[in-house]
file my_file-v5.cif (mmCIF, C-alpha atoms)
data_data
#
loop_
_atom_site.label_atom_id
_atom_site.label_comp_id
_atom_site.auth_asym_id
_atom_site.auth_seq_id
_atom_site.Cartn_x
_atom_site.Cartn_y
_atom_site.Cartn_z
CA THR A 26 -2.52 61.34 2.35
CA GLY A 27 -4.59 58.60 0.72
CA VAL A 28 -3.42 55.55 -1.21
CA ILE A 29 -3.27 55.73 -5.01
CA THR A 30 -3.50 52.43 -6.91
CA LEU A 31 -3.25 52.12 -10.69
CA ASP A 32 -3.74 48.65 -12.19
CA ALA A 33 -3.55 47.74 -15.87
CA GLY A 34 -3.32 44.46 -17.71
CA ASN A 35 -1.11 45.75 -20.51
CA GLY A 36 1.06 48.52 -19.09
CA ILE A 37 0.87 51.96 -17.48
CA VAL A 38 2.19 54.94 -19.45
CA LEU A 39 2.35 58.05 -17.27
CA GLY A 40 4.19 60.21 -19.81
CA ALA A 41 4.28 63.72 -18.33
CA PHE A 42 1.49 62.97 -15.85
CA ASN A 43 2.31 63.43 -12.15
CA VAL A 44 1.00 61.05 -9.49
CA THR A 45 1.11 62.73 -6.08
CA THR A 46 -0.01 61.77 -2.59
CA GLY A 47 1.25 61.89 0.97
CA GLY A 48 0.34 58.23 1.27
CA ASN A 49 1.44 55.19 -0.70
CA VAL A 50 1.40 54.63 -4.47
CA ASN A 51 0.87 51.20 -6.07
CA LEU A 52 1.49 50.81 -9.81
CA ASP A 53 0.82 47.42 -11.44
CA GLY A 54 1.36 47.26 -15.19
CA ASP A 55 0.79 43.50 -15.39
CA SER A 56 -2.21 43.11 -13.13
CA ASN A 57 -3.57 40.09 -15.02
CA ASN A 58 -0.17 38.32 -14.84
CA THR A 59 0.09 37.64 -18.58
CA GLY A 60 3.74 38.67 -18.79
CA SER A 61 3.13 41.85 -20.76
CA GLY A 62 3.06 45.51 -19.82
CA ALA A 63 5.55 48.11 -18.61
CA VAL A 64 5.33 51.01 -16.15
CA THR A 65 6.90 54.10 -17.69
CA ALA A 66 7.10 57.86 -17.41
CA THR A 67 8.90 60.56 -19.38
CA THR A 68 8.83 63.80 -17.38
CA GLY A 69 6.05 62.79 -15.01
CA ARG A 70 6.88 62.12 -11.38
CA VAL A 71 5.49 59.69 -8.82
CA THR A 72 5.40 61.22 -5.34
CA GLY A 73 4.45 59.22 -2.28
CA ASN A 74 5.58 57.64 0.96
CA VAL A 75 6.01 54.03 -0.21
CA VAL A 76 6.02 53.55 -3.99
CA THR A 77 5.52 50.00 -5.27
CA ALA A 78 5.85 49.22 -8.98
CA ASN A 79 5.15 45.90 -10.69
CA ALA A 80 5.61 45.20 -14.40
CA ALA A 81 6.58 42.53 -16.91
CA GLN A 82 8.40 44.54 -19.58
CA GLY A 83 10.27 47.30 -17.82
CA ILE A 84 9.94 50.06 -15.21
CA VAL A 85 11.10 53.60 -15.92
CA LEU A 86 10.10 56.12 -13.27
CA ASN A 87 10.96 59.50 -11.83
CA THR A 88 10.17 59.38 -8.13
CA SER A 89 10.00 61.46 -5.01
CA ALA A 90 9.49 58.69 -2.49
CA ASN A 91 10.65 57.66 0.94
CA VAL A 92 10.62 53.92 0.20
CA LEU A 93 10.65 51.99 -3.10
CA SER A 94 9.86 48.42 -4.11
CA ALA A 95 9.94 47.29 -7.76
CA ASP A 96 9.49 43.96 -9.53
CA ASN A 97 9.93 43.42 -13.28
CA SER A 98 9.35 39.84 -14.36
CA HIS A 99 9.98 39.19 -18.06
CA SER A 100 11.99 41.70 -20.12
CA GLY A 101 13.28 45.26 -20.12
CA ASN A 102 15.15 47.23 -17.49
CA ILE A 103 14.40 49.07 -14.26
CA THR A 104 15.46 52.73 -14.30
CA ILE A 105 14.70 54.98 -11.33
CA VAL A 106 15.60 58.66 -10.96
CA GLU A 107 14.85 59.90 -7.43
CA THR A 108 14.89 63.53 -6.27
CA ASN A 109 16.17 62.89 -2.76
CA GLY A 110 17.15 60.17 -0.30
CA LEU A 111 15.60 56.77 -0.92
CA ALA A 112 15.21 53.60 1.15
CA ILE A 113 14.76 50.42 -0.87
CA ASN A 114 13.08 47.12 -0.15
CA LEU A 115 13.55 44.66 -3.05
CA ILE A 116 14.25 45.94 -6.56
CA SER A 117 13.98 42.77 -8.65
CA ASN A 118 14.98 42.41 -12.30
CA PRO A 119 17.06 39.21 -12.38
CA THR A 120 19.67 38.94 -15.20
CA ARG A 121 18.66 42.37 -16.55
CA ASP A 122 19.72 45.97 -15.86
CA VAL A 123 18.83 48.03 -12.81
CA SER A 124 19.79 51.70 -12.54
CA ILE A 125 18.99 53.86 -9.50
CA THR A 126 20.09 57.50 -9.61
CA LEU A 127 19.55 59.91 -6.74
CA THR A 128 20.02 63.60 -7.51
CA ALA A 129 20.46 64.24 -3.76
CA GLY A 130 20.58 62.29 -0.51
CA ALA A 131 21.53 58.72 0.34
CA LEU A 132 20.43 55.28 -0.84
CA THR A 133 19.66 53.10 2.17
CA ASP A 134 18.53 49.58 3.07
CA ASN A 135 14.91 49.32 4.24
CA ASN A 136 14.53 45.56 4.70
CA GLY A 137 17.28 44.49 7.10
CA VAL A 138 19.29 41.46 6.03
CA ALA A 139 17.01 40.60 3.08
CA ASN A 140 18.15 41.19 -0.48
CA ASN A 141 17.74 44.72 -1.87
CA VAL A 142 18.56 44.28 -5.56
CA ALA A 143 18.41 41.34 -7.97
CA ALA A 144 19.93 42.29 -11.32
CA GLY A 145 22.31 41.40 -14.08
CA SER A 146 24.02 44.80 -14.29
CA LEU A 147 23.60 47.33 -11.49
CA ALA A 148 24.29 51.08 -11.59
CA LEU A 149 23.90 53.11 -8.38
CA THR A 150 24.40 56.84 -7.84
CA ALA A 151 23.75 58.67 -4.57
CA PRO A 152 25.61 61.86 -3.57
CA GLY A 153 24.97 61.16 0.12
CA GLY A 154 26.15 57.57 0.05
CA ILE A 155 25.08 54.02 -0.73
CA GLY A 156 24.38 51.59 2.11
CA ALA A 157 26.13 53.53 4.86
CA GLY A 158 25.50 51.86 8.22
CA ASN A 159 23.71 48.90 6.61
CA ALA A 160 25.09 47.60 3.33
CA ILE A 161 22.90 47.24 0.27
CA GLU A 162 22.47 43.48 -0.26
CA THR A 163 22.62 42.53 -3.91
CA ALA A 164 22.51 39.55 -6.23
CA ALA A 165 24.10 41.08 -9.33
CA SER A 166 26.68 40.05 -11.91
CA SER A 167 28.26 43.47 -12.43
CA ILE A 168 28.20 46.83 -10.69
CA GLU A 169 29.23 50.46 -11.05
CA ALA A 170 28.53 52.99 -8.31
CA ASP A 171 29.23 56.54 -7.19
CA GLY A 172 28.61 57.10 -3.49
CA GLY A 173 29.67 60.73 -3.35
CA THR A 174 30.61 61.85 0.16
CA GLY A 175 28.75 59.02 1.90
CA GLY A 176 30.62 55.97 0.62
CA VAL A 177 29.67 52.72 -1.10
CA PHE A 178 28.77 49.66 0.99
CA VAL A 179 27.55 46.61 -0.94
CA ALA A 180 27.29 42.91 -0.02
CA ASN A 181 26.77 40.67 -3.04
CA THR A 182 25.69 37.06 -3.34
CA GLY A 183 27.55 35.26 -6.13
CA ASN A 184 30.32 36.39 -8.47
CA LEU A 185 30.57 40.15 -8.95
CA SER A 186 32.47 42.20 -11.51
CA VAL A 187 33.19 45.90 -11.04
CA GLY A 188 32.77 47.70 -14.37
CA GLY A 189 31.17 47.31 -17.76
CA VAL A 190 27.69 48.49 -16.75
CA ASN A 191 27.06 51.77 -18.60
CA GLY A 192 28.79 54.74 -20.16
CA THR A 193 27.92 57.19 -17.38
CA LEU A 194 29.66 55.65 -14.38
CA SER A 195 33.08 54.05 -14.11
CA GLY A 196 33.89 51.41 -11.52
CA LEU A 197 33.35 52.37 -7.89
CA ASP A 198 33.99 55.94 -6.79
CA THR A 199 33.65 58.11 -3.69
CA ASN A 200 34.82 61.51 -2.50
CA ASN A 201 36.43 61.46 0.96
CA ALA A 202 34.39 58.41 1.88
CA ASP A 203 34.90 54.67 2.29
CA ILE A 204 34.19 51.77 -0.05
CA GLU A 205 33.37 48.31 1.29
CA ILE A 206 32.34 45.61 -1.14
CA SER A 207 31.96 41.92 -0.46
CA SER A 208 31.10 38.92 -2.60
CA THR A 209 30.29 35.32 -1.78
CA GLY A 210 31.86 34.38 -5.14
CA THR A 211 34.77 35.84 -7.08
CA LEU A 212 35.14 39.61 -6.88
CA SER A 213 36.69 40.89 -10.12
CA THR A 214 37.43 44.31 -11.60
CA SER A 215 37.57 45.63 -15.15
CA GLU A 216 37.29 49.27 -14.03
CA SER A 217 38.93 51.13 -11.18
CA ILE A 218 37.92 51.33 -7.53
CA ALA A 219 38.82 54.75 -6.16
CA ALA A 220 38.12 56.24 -2.73
CA THR A 221 39.83 59.61 -2.62
CA GLY A 222 40.53 60.22 1.05
CA GLY A 223 38.66 57.09 2.15
CA ASP A 224 39.37 53.48 3.04
CA ILE A 225 38.71 50.52 0.73
CA ASP A 226 37.72 47.06 1.99
CA LEU A 227 37.53 44.22 -0.56
CA ILE A 228 36.04 41.12 1.04
CA ALA A 229 35.92 37.84 -0.87
CA ASP A 230 37.54 34.43 -0.88
CA SER A 231 38.61 34.93 -4.52
CA LEU A 232 39.80 38.13 -6.22
CA SER A 233 40.62 38.88 -9.85
CA LEU A 234 41.92 42.43 -10.15
CA GLY A 235 42.09 43.75 -13.69
CA ALA A 236 42.00 47.47 -12.89
CA SER A 237 43.50 49.85 -10.35
CA VAL A 238 42.43 50.04 -6.71
CA SER A 239 43.44 53.35 -5.16
CA SER A 240 42.84 54.85 -1.75
CA SER A 241 44.84 58.05 -1.54
CA GLY A 242 44.96 59.11 2.08
CA GLY A 243 43.13 55.98 3.18
CA VAL A 244 43.75 52.31 3.96
CA LEU A 245 43.31 49.36 1.61
CA VAL A 246 42.18 46.11 3.22
CA ILE A 247 41.79 42.80 1.39
CA ALA A 248 40.15 40.16 3.55
CA PRO A 249 38.53 36.74 3.09
CA LEU A 250 34.78 36.40 3.44
CA SER A 251 35.25 33.08 5.23
CA ALA A 252 37.43 33.25 8.33
CA GLY A 253 40.67 31.30 7.98
CA THR A 254 40.41 31.06 4.18
CA ASP A 255 43.37 31.78 1.93
CA ILE A 256 42.37 34.34 -0.71
CA GLY A 257 42.91 33.38 -4.32
CA VAL A 258 44.15 36.44 -6.22
CA GLY A 259 44.35 36.67 -10.00
CA GLY A 260 44.32 39.36 -12.68
CA GLY A 261 46.86 41.78 -14.09
#
call {"tool": "encode", "arguments": {"input": "my_file-v5.cif", "output": "structure tokens"}}
result
Amino acid sequence: TGVITLDAGNGIVLGAFNVTTGGNVNLDGDSNNTGSGAVTATTGRVTGNVVTANAAQGIVLNTSANVLSADNSHSGNITIVETNGLAINLISNPTRDVSITLTAGALTDNNGVANNVAAGSLALTAPGGIGAGNAIETAASSIEADGGTGGVFVANTGNLSVGGVNGTLSGLDTNNADIEISSTGTLSTSESIAATGGDIDLIADSLSLGASVSSSGGVLVIAPLSAGTDIGVGGG
């Protein structure tokens, strides 16, 4: 149940090594703040209550955590594969890729109205849902997500494009669950938004729809973010 802290000035390479505690885990691959060093694992897993990772050149981790925070400052991507449900504080990798994949459970917001993800491209997968009950707040340029049976609920700051993130996901997808996505800028699509059996809410003052939006058995709602605003709609 103790705290495990690993600090290194030029990266932490876990490889197949497991880090396990009932308490918290702190991993700092750039402890001297020189802008170098990654935190990576291959088959090794980090197990703990709150896992916090800091790096300058990428974070690649397999986790079994209740709560996750991650900050990558200079280059590289953040890739997290989690075994069960995960609550996130801030996952920060501005202008670069963030991928969070849950093999089971739901991805939830752990920090209230504060931002959860800063990224260029964002890929989210959670069979039990993404942001249900409290949307995942993001500052991303593009997104793809699969919320399984729990839905996808995302509130983005700035322009947001659905699609073009990776070759594994495609657009936004759920199975008998709702999708609600909002953007303070233009919300655009290059890949489909599909909620089989669920409702879809698209909330933005400007829309550019370049791919299908389908809600078989559900309701499609397009609404402005700002009350009383006329929505600008473009696309094919």
call {"tool": "resolve_selection", "arguments": {"input": "my_file-v5.cif", "expression": "the PyMOL selection byres ((chain A and resi 187-196) around 12)", "output": "PyMOL selection string"}}
result
chain A and resi 121-126+144-151+165-172+177+179+181+184-186+197-199+204+206-208+211-220+227+232-239
call {"tool": "resolve_selection", "arguments": {"input": "my_file-v5.cif", "expression": "the PyMOL selection byres ((chain A and resi 56-59) around 10)", "output": "VMD selection string"}}
result
chain A and resid 31 to 36 52 to 55 60 to 62 79 to 81 98
call {"tool": "residues_around", "arguments": {"input": "my_file-v5.cif", "residues": "Thr68 (chain A)", "least_positions_apart": "5", "cutoff": "8 Å", "atoms": "only C-alpha atoms", "output": "short mmCIF file (atom, residue, chain, number, x, y, z; two decimals) with C-alpha atoms, in the frame of the given file"}}
result
data_model
loop_
_atom_site.label_atom_id
_atom_site.label_comp_id
_atom_site.auth_asym_id
_atom_site.auth_seq_id
_atom_site.Cartn_x
_atom_site.Cartn_y
_atom_site.Cartn_z
CA GLY A 40 4.19 60.21 -19.81
CA ALA A 41 4.28 63.72 -18.33
CA PHE A 42 1.49 62.97 -15.85
CA ASN A 87 10.96 59.50 -11.83
#
call {"tool": "closest_residue", "arguments": {"input": "my_file-v5.cif", "among": "A:Leu93, A:Val44, A:Val142, A:Val85", "to": "Thr163 (chain A)", "atoms": "all atoms listed in the file"}}
result
A:Val142
call {"tool": "resolve_selection", "arguments": {"input": "my_file-v5.cif", "expression": "the PyMOL selection byres ((chain A and resi 50) around 8)", "output": "list of chain:residue names"}}
result
A:Val28, A:Ile29, A:Thr30, A:Thr46, A:Gly48, A:Asn49, A:Asn51, A:Leu52, A:Val71, A:Thr72, A:Gly73, A:Asn74, A:Val75, A:Val76, A:Thr77
call {"tool": "atom_distance", "arguments": {"input": "my_file-v5.cif", "atom1": "CA of Thr65 (chain A)", "atom2": "CA of Gly137 (chain A)"}}
result
28.5 Å
call {"tool": "closest_residue", "arguments": {"input": "my_file-v5.cif", "among": "A:Ala78, A:Leu127, A:Ile105, A:Ala112", "to": "Ile161 (chain A)", "atoms": "only C-alpha atoms"}}
result
A:Ala112
call {"tool": "residues_around", "arguments": {"input": "my_file-v5.cif", "residues": "region 242-244 of chain A", "least_positions_apart": "3", "cutoff": "10 Å", "atoms": "all atoms listed in the file", "output": "list in words"}}
result
Asn201, Ala202, Asp203, Ala220, Thr221, Gly222, Gly223, Asp224, Ile225, Asp226 and Ser239 of chain A
call {"tool": "residues_around", "arguments": {"input": "my_file-v5.cif", "residues": "Ile116 (chain A)", "least_positions_apart": "4", "cutoff": "8 Å", "atoms": "all atoms listed in the file", "output": "number ranges by chain"}}
result
A: 93-96, 141-143
call {"tool": "closest_residue", "arguments": {"input": "my_file-v5.cif", "among": "A:Gly69, A:Pro152, A:Gly176, A:Pro119", "to": "Asn97 (chain A)", "atoms": "all atoms listed in the file"}}
result
A:Pro119
call {"tool": "atom_distance", "arguments": {"input": "my_file-v5.cif", "atom1": "CA of Gly110 (chain A)", "atom2": "CA of Gly154 (chain A)"}}
result
9.4 Å
call {"tool": "residues_around", "arguments": {"input": "my_file-v5.cif", "residues": "Ser251 (chain A)", "least_positions_apart": "2", "cutoff": "12 Å", "atoms": "only C-alpha atoms", "output": "count of residues only"}}
result
14
call {"tool": "atom_distance", "arguments": {"input": "my_file-v5.cif", "atom1": "CA of Val64 (chain A)", "atom2": "CA of Val138 (chain A)"}}
result
27.9 Å
call {"tool": "residues_near_point", "arguments": {"input": "my_file-v5.cif", "point": "(32.4, 63.7, -3.2)", "cutoff": "6 Å", "atoms": "all atoms listed in the file", "output": "ChimeraX atom specification"}}
result
/A:173-174,199-200
call {"tool": "write_last_selection", "arguments": {"input": "my_file-v5.cif", "atoms": "C-alpha atoms", "output": "PDB file, in the frame of the given file"}}
result
ATOM      1  CA  GLY A 173      29.670  60.730  -3.350  1.00  0.00           C
ATOM      2  CA  THR A 174      30.610  61.850   0.160  1.00  0.00           C
ATOM      3  CA  THR A 199      33.650  58.110  -3.690  1.00  0.00           C
ATOM      4  CA  ASN A 200      34.820  61.510  -2.500  1.00  0.00           C
TER       5      ASN A 200
END
call {"tool": "closest_residue", "arguments": {"input": "my_file-v5.cif", "among": "A:Ala164, A:Ile84, A:Ile155, A:Ile37", "to": "Gly183 (chain A)", "atoms": "only C-alpha atoms"}}
result
A:Ala164
call {"tool": "build_atoms", "arguments": {"input": "my_file-v5.cif", "residues": "region 195-206 of chain A", "atoms": "all heavy atoms", "output": "mmCIF file, keeping the file's coordinate frame"}}
result
data_model
loop_
_atom_site.group_PDB
_atom_site.id
_atom_site.type_symbol
_atom_site.label_atom_id
_atom_site.label_comp_id
_atom_site.auth_asym_id
_atom_site.auth_seq_id
_atom_site.Cartn_x
_atom_site.Cartn_y
_atom_site.Cartn_z
ATOM 1 N N SER A 195 31.864 54.816 -13.866
ATOM 2 C CA SER A 195 33.080 54.050 -14.110
ATOM 3 C C SER A 195 33.544 53.419 -12.808
ATOM 4 O O SER A 195 33.952 54.124 -11.879
ATOM 5 C CB SER A 195 34.184 54.945 -14.681
ATOM 6 O OG SER A 195 35.366 54.199 -14.931
ATOM 7 N N GLY A 196 33.440 52.116 -12.707
ATOM 8 C CA GLY A 196 33.890 51.410 -11.520
ATOM 9 C C GLY A 196 33.154 51.833 -10.268
ATOM 10 O O GLY A 196 31.953 52.098 -10.290
ATOM 11 N N LEU A 197 33.892 51.904 -9.164
ATOM 12 C CA LEU A 197 33.350 52.370 -7.890
ATOM 13 C C LEU A 197 34.103 53.620 -7.480
ATOM 14 O O LEU A 197 35.336 53.647 -7.512
ATOM 15 C CB LEU A 197 33.513 51.298 -6.800
ATOM 16 C CG LEU A 197 32.879 49.930 -7.057
ATOM 17 C CD1 LEU A 197 33.157 48.992 -5.883
ATOM 18 C CD2 LEU A 197 31.394 50.053 -7.305
ATOM 19 N N ASP A 198 33.361 54.646 -7.056
ATOM 20 C CA ASP A 198 33.990 55.940 -6.790
ATOM 21 C C ASP A 198 33.331 56.626 -5.609
ATOM 22 O O ASP A 198 32.106 56.573 -5.444
ATOM 23 C CB ASP A 198 33.880 56.824 -8.037
ATOM 24 C CG ASP A 198 34.674 58.108 -7.893
ATOM 25 O OD1 ASP A 198 35.902 58.047 -7.723
ATOM 26 O OD2 ASP A 198 34.046 59.179 -7.916
ATOM 27 N N THR A 199 34.160 57.272 -4.768
ATOM 28 C CA THR A 199 33.650 58.110 -3.690
ATOM 29 C C THR A 199 34.544 59.345 -3.551
ATOM 30 O O THR A 199 35.635 59.408 -4.119
ATOM 31 C CB THR A 199 33.634 57.382 -2.334
ATOM 32 O OG1 THR A 199 34.977 57.032 -1.971
ATOM 33 C CG2 THR A 199 32.774 56.130 -2.379
ATOM 34 N N ASN A 200 34.065 60.285 -2.761
ATOM 35 C CA ASN A 200 34.820 61.510 -2.500
ATOM 36 C C ASN A 200 34.965 61.679 -0.992
ATOM 37 O O ASN A 200 34.006 62.014 -0.305
ATOM 38 C CB ASN A 200 34.077 62.714 -3.117
ATOM 39 C CG ASN A 200 34.822 64.012 -2.924
ATOM 40 O OD1 ASN A 200 36.008 64.024 -2.566
ATOM 41 N ND2 ASN A 200 34.146 65.121 -3.149
ATOM 42 N N ASN A 201 36.171 61.401 -0.477
ATOM 43 C CA ASN A 201 36.430 61.460 0.960
ATOM 44 C C ASN A 201 35.500 60.548 1.746
ATOM 45 O O ASN A 201 35.000 60.909 2.818
ATOM 46 C CB ASN A 201 36.307 62.905 1.476
ATOM 47 C CG ASN A 201 37.425 63.787 0.962
ATOM 48 O OD1 ASN A 201 38.590 63.399 0.964
ATOM 49 N ND2 ASN A 201 37.067 64.979 0.494
ATOM 50 N N ALA A 202 35.268 59.367 1.211
ATOM 51 C CA ALA A 202 34.390 58.410 1.880
ATOM 52 C C ALA A 202 34.855 56.993 1.560
ATOM 53 O O ALA A 202 35.582 56.763 0.593
ATOM 54 C CB ALA A 202 32.944 58.611 1.442
ATOM 55 N N ASP A 203 34.418 56.045 2.380
ATOM 56 C CA ASP A 203 34.900 54.670 2.290
ATOM 57 C C ASP A 203 34.152 53.855 1.234
ATOM 58 O O ASP A 203 33.018 54.166 0.874
ATOM 59 C CB ASP A 203 34.758 53.970 3.643
ATOM 60 C CG ASP A 203 35.561 54.640 4.747
ATOM 61 O OD1 ASP A 203 36.516 55.376 4.420
ATOM 62 O OD2 ASP A 203 35.232 54.428 5.929
ATOM 63 N N ILE A 204 34.809 52.783 0.805
ATOM 64 C CA ILE A 204 34.190 51.770 -0.050
ATOM 65 C C ILE A 204 34.381 50.414 0.626
ATOM 66 O O ILE A 204 35.496 50.052 0.998
ATOM 67 C CB ILE A 204 34.822 51.736 -1.455
ATOM 68 C CG1 ILE A 204 34.524 53.033 -2.213
ATOM 69 C CG2 ILE A 204 34.315 50.528 -2.245
ATOM 70 C CD1 ILE A 204 35.237 53.137 -3.555
ATOM 71 N N GLU A 205 33.286 49.688 0.801
ATOM 72 C CA GLU A 205 33.370 48.310 1.290
ATOM 73 C C GLU A 205 32.482 47.438 0.420
ATOM 74 O O GLU A 205 31.268 47.649 0.338
ATOM 75 C CB GLU A 205 32.921 48.206 2.744
ATOM 76 C CG GLU A 205 33.021 46.779 3.288
ATOM 77 C CD GLU A 205 32.592 46.663 4.735
ATOM 78 O OE1 GLU A 205 33.220 47.307 5.598
ATOM 79 O OE2 GLU A 205 31.607 45.936 4.989
ATOM 80 N N ILE A 206 33.082 46.476 -0.247
ATOM 81 C CA ILE A 206 32.340 45.610 -1.140
ATOM 82 C C ILE A 206 32.723 44.175 -0.859
ATOM 83 O O ILE A 206 33.904 43.845 -0.732
ATOM 84 C CB ILE A 206 32.574 46.002 -2.617
ATOM 85 C CG1 ILE A 206 31.694 45.177 -3.544
ATOM 86 C CG2 ILE A 206 34.031 45.932 -3.006
ATOM 87 C CD1 ILE A 206 31.565 45.773 -4.932
#
